[in-house]
Amino acid sequence: MAACSKCGFTLPEGAVYCPNCGTPVKGVEKKDLSADSIAGPIRLGLIGTLLSVTILIMSSPLMADLYFIPSFLSTIAVTYFSRTKRLKDAVIIAMTTYLFTEAINAGLVLGMLYVEQQKLSSLYGDYIPSLIDVLMYSISPITAIIAGYIGFKLAPEKREELYAYTREGGFGPTLLYRLRGDLKKFKYVLFGSYRVE
């Protein structure tokens, strides 16, 4: 239990003012990050979906069948750059990216057919699925988990810690540290003069 800095009275949990003398309780507060909160990973998964759909749209004239590759690459990128702390969060990011990308892709294809008033058979014509098509679409959920795991393992081990301090108007800006050293290491890795151990 904490004590008041002015009178020494034992403070109850969550007290803003001392019940004995009325002095405001000051101190550094850490953000309460719920262990079961999935809002952050889902938001990151939506960013991955945006990246994946962008890859699909930009490469659609070039390649016909990309299968799960855009979702795979965007999941690894988002998981790496977000520096997720738990494997569960990485898998949530991957699954969200895969599900929403597939839904948006199917919606775009069906919407295009609806606008042009064409049948689904006009899109595929005399297309017959090959064994590779069947295998690639069958392993897509497994590759989502693999992409989350790879992105989690590739992310740097030392992750930035978030600290918040209070002021009269509420929470102040978030303080980040170690970013300068990471950027310097990235520069050295890019130019080949730094060895990763």
# chains A, B, ... in the order shown; residues from 1 in each chain; ligands from 1
call {"tool": "closest_atom_pairs", "arguments": {"of": "range 86-172 of chain A", "to": "range 36-57 of chain A", "cutoff": "8 Å", "atoms": "only C-alpha atoms", "output": "CSV"}}
result
residue,atom,partner,partner_atom,distance
A:Asp89,CA,A:Pro41,CA,5.6
A:Ala90,CA,A:Pro41,CA,7.3
A:Ile92,CA,A:Pro41,CA,6.1
A:Ile93,CA,A:Gly45,CA,4.3
A:Ala94,CA,A:Gly45,CA,6.4
A:Met95,CA,A:Gly45,CA,7.6
A:Thr96,CA,A:Gly45,CA,5.0
A:Thr97,CA,A:Thr49,CA,4.7
A:Tyr98,CA,A:Thr49,CA,7.2
A:Phe100,CA,A:Thr49,CA,6.2
A:Thr101,CA,A:Thr49,CA,5.4
A:Ile104,CA,A:Val53,CA,7.7
A:Asn105,CA,A:Val53,CA,7.4
call {"tool": "write_last_selection", "arguments": {"atoms": "N, CA and C atoms", "output": "mmCIF file, in the first residue's frame"}}
result
data_model
loop_
_atom_site.group_PDB
_atom_site.id
_atom_site.type_symbol
_atom_site.label_atom_id
_atom_site.label_comp_id
_atom_site.auth_asym_id
_atom_site.auth_seq_id
_atom_site.Cartn_x
_atom_site.Cartn_y
_atom_site.Cartn_z
ATOM 1 N N ASP A 89 -1.162 -12.704 -30.328
ATOM 2 C CA ASP A 89 -1.465 -11.476 -31.066
ATOM 3 C C ASP A 89 -1.032 -11.578 -32.524
ATOM 4 N N ALA A 90 0.115 -12.220 -32.763
ATOM 5 C CA ALA A 90 0.597 -12.390 -34.139
ATOM 6 C C ALA A 90 -0.356 -13.263 -34.948
ATOM 7 N N ILE A 92 -3.597 -13.630 -34.329
ATOM 8 C CA ILE A 92 -4.823 -12.841 -34.530
ATOM 9 C C ILE A 92 -4.634 -11.873 -35.701
ATOM 10 N N ILE A 93 -3.471 -11.230 -35.768
ATOM 11 C CA ILE A 93 -3.176 -10.330 -36.890
ATOM 12 C C ILE A 93 -3.228 -11.093 -38.208
ATOM 13 N N ALA A 94 -2.605 -12.268 -38.229
ATOM 14 C CA ALA A 94 -2.555 -13.068 -39.461
ATOM 15 C C ALA A 94 -3.946 -13.515 -39.895
ATOM 16 N N MET A 95 -4.728 -14.036 -38.970
ATOM 17 C CA MET A 95 -6.070 -14.520 -39.326
ATOM 18 C C MET A 95 -6.972 -13.372 -39.781
ATOM 19 N N THR A 96 -6.881 -12.230 -39.105
ATOM 20 C CA THR A 96 -7.681 -11.075 -39.520
ATOM 21 C C THR A 96 -7.294 -10.630 -40.927
ATOM 22 N N THR A 97 -5.999 -10.582 -41.189
ATOM 23 C CA THR A 97 -5.531 -10.189 -42.522
ATOM 24 C C THR A 97 -6.046 -11.151 -43.581
ATOM 25 N N TYR A 98 -5.919 -12.439 -43.333
ATOM 26 C CA TYR A 98 -6.346 -13.435 -44.319
ATOM 27 C C TYR A 98 -7.857 -13.401 -44.543
ATOM 28 N N PHE A 100 -10.173 -10.994 -43.943
ATOM 29 C CA PHE A 100 -10.679 -9.791 -44.579
ATOM 30 C C PHE A 100 -10.180 -9.644 -46.014
ATOM 31 N N THR A 101 -8.957 -10.080 -46.283
ATOM 32 C CA THR A 101 -8.449 -10.011 -47.657
ATOM 33 C C THR A 101 -9.260 -10.906 -48.578
ATOM 34 N N ILE A 104 -12.755 -9.284 -49.092
ATOM 35 C CA ILE A 104 -12.717 -8.121 -49.980
ATOM 36 C C ILE A 104 -12.452 -8.548 -51.418
ATOM 37 N N ASN A 105 -11.550 -9.504 -51.599
ATOM 38 C CA ASN A 105 -11.249 -9.990 -52.945
ATOM 39 C C ASN A 105 -12.487 -10.622 -53.589
#
call {"tool": "select_by_dssp", "arguments": {"residues": "range 1-163 of chain A", "states": "strand (DSSP E or B)", "output": "VMD selection string"}}
result
chain A and resid 3 10 17 24 29 163
call {"tool": "atom_distance", "arguments": {"atom1": "CA of Leu99 in chain A", "atom2": "CA of Ile76 in chain A"}}
result
15.3 Å
call {"tool": "closest_residue", "arguments": {"among": "A:Phe81, A:Asp65, A:Gly148, A:Leu154", "to": "Pro129 in chain A", "atoms": "only C-alpha atoms"}}
result
A:Asp65
call {"tool": "atom_distance", "arguments": {"atom1": "CA of Gly14 in chain A", "atom2": "CA of Thr84 in chain A"}}
result
29.2 Å
call {"tool": "decode", "arguments": {"residues": "range 35-87 of chain A", "atoms": "C-alpha atoms", "output": "tab-separated table (two decimals), in the first residue's frame"}}
result
chain	number	residue	atom	x	y	z
A	35	ALA	CA	-4.14	-9.25	-21.36
A	36	ASP	CA	-7.20	-10.37	-23.30
A	37	SER	CA	-7.74	-7.24	-25.39
A	38	ILE	CA	-7.86	-8.07	-29.09
A	39	ALA	CA	-8.66	-4.59	-30.39
A	40	GLY	CA	-5.00	-3.80	-31.11
A	41	PRO	CA	-4.23	-7.00	-33.06
A	42	ILE	CA	-7.47	-6.66	-35.04
A	43	ARG	CA	-6.57	-3.07	-35.93
A	44	LEU	CA	-3.14	-4.26	-37.08
A	45	GLY	CA	-4.83	-7.05	-39.04
A	46	LEU	CA	-6.94	-4.45	-40.84
A	47	ILE	CA	-3.75	-2.56	-41.73
A	48	GLY	CA	-2.38	-5.83	-43.08
A	49	THR	CA	-5.59	-6.29	-45.06
A	50	LEU	CA	-5.19	-2.84	-46.60
A	51	LEU	CA	-1.61	-3.66	-47.57
A	52	SER	CA	-2.61	-7.06	-48.95
A	53	VAL	CA	-5.50	-5.68	-51.01
A	54	THR	CA	-3.19	-2.97	-52.35
A	55	ILE	CA	-0.73	-5.65	-53.46
A	56	LEU	CA	-3.57	-7.62	-55.08
A	57	ILE	CA	-4.94	-4.63	-56.96
A	58	MET	CA	-1.55	-3.40	-58.16
A	59	SER	CA	-0.38	-6.82	-59.32
A	60	SER	CA	-3.63	-8.16	-60.79
A	61	PRO	CA	-2.80	-7.17	-64.39
A	62	LEU	CA	0.63	-8.79	-64.07
A	63	MET	CA	-0.18	-12.15	-62.47
A	64	ALA	CA	-3.36	-14.16	-62.49
A	65	ASP	CA	-2.93	-16.37	-59.42
A	66	LEU	CA	-1.09	-14.98	-56.42
A	67	TYR	CA	-2.95	-17.32	-54.03
A	68	PHE	CA	-2.02	-16.43	-50.43
A	69	ILE	CA	1.27	-14.58	-51.16
A	70	PRO	CA	-0.01	-10.96	-50.67
A	71	SER	CA	-1.63	-11.86	-47.35
A	72	PHE	CA	1.45	-13.82	-46.30
A	73	LEU	CA	3.85	-10.96	-47.04
A	74	SER	CA	1.67	-8.25	-45.52
A	75	THR	CA	1.13	-10.34	-42.36
A	76	ILE	CA	4.86	-10.79	-41.91
A	77	ALA	CA	5.48	-7.07	-42.49
A	78	VAL	CA	2.76	-5.87	-40.10
A	79	THR	CA	3.74	-8.36	-37.40
A	80	TYR	CA	7.41	-7.44	-37.72
A	81	PHE	CA	6.92	-3.67	-37.65
A	82	SER	CA	4.33	-3.75	-34.87
A	83	ARG	CA	6.71	-5.77	-32.67
A	84	THR	CA	4.00	-7.88	-31.14
A	85	LYS	CA	4.84	-9.24	-27.73
A	86	ARG	CA	2.83	-12.46	-27.86
A	87	LEU	CA	2.39	-15.20	-30.41
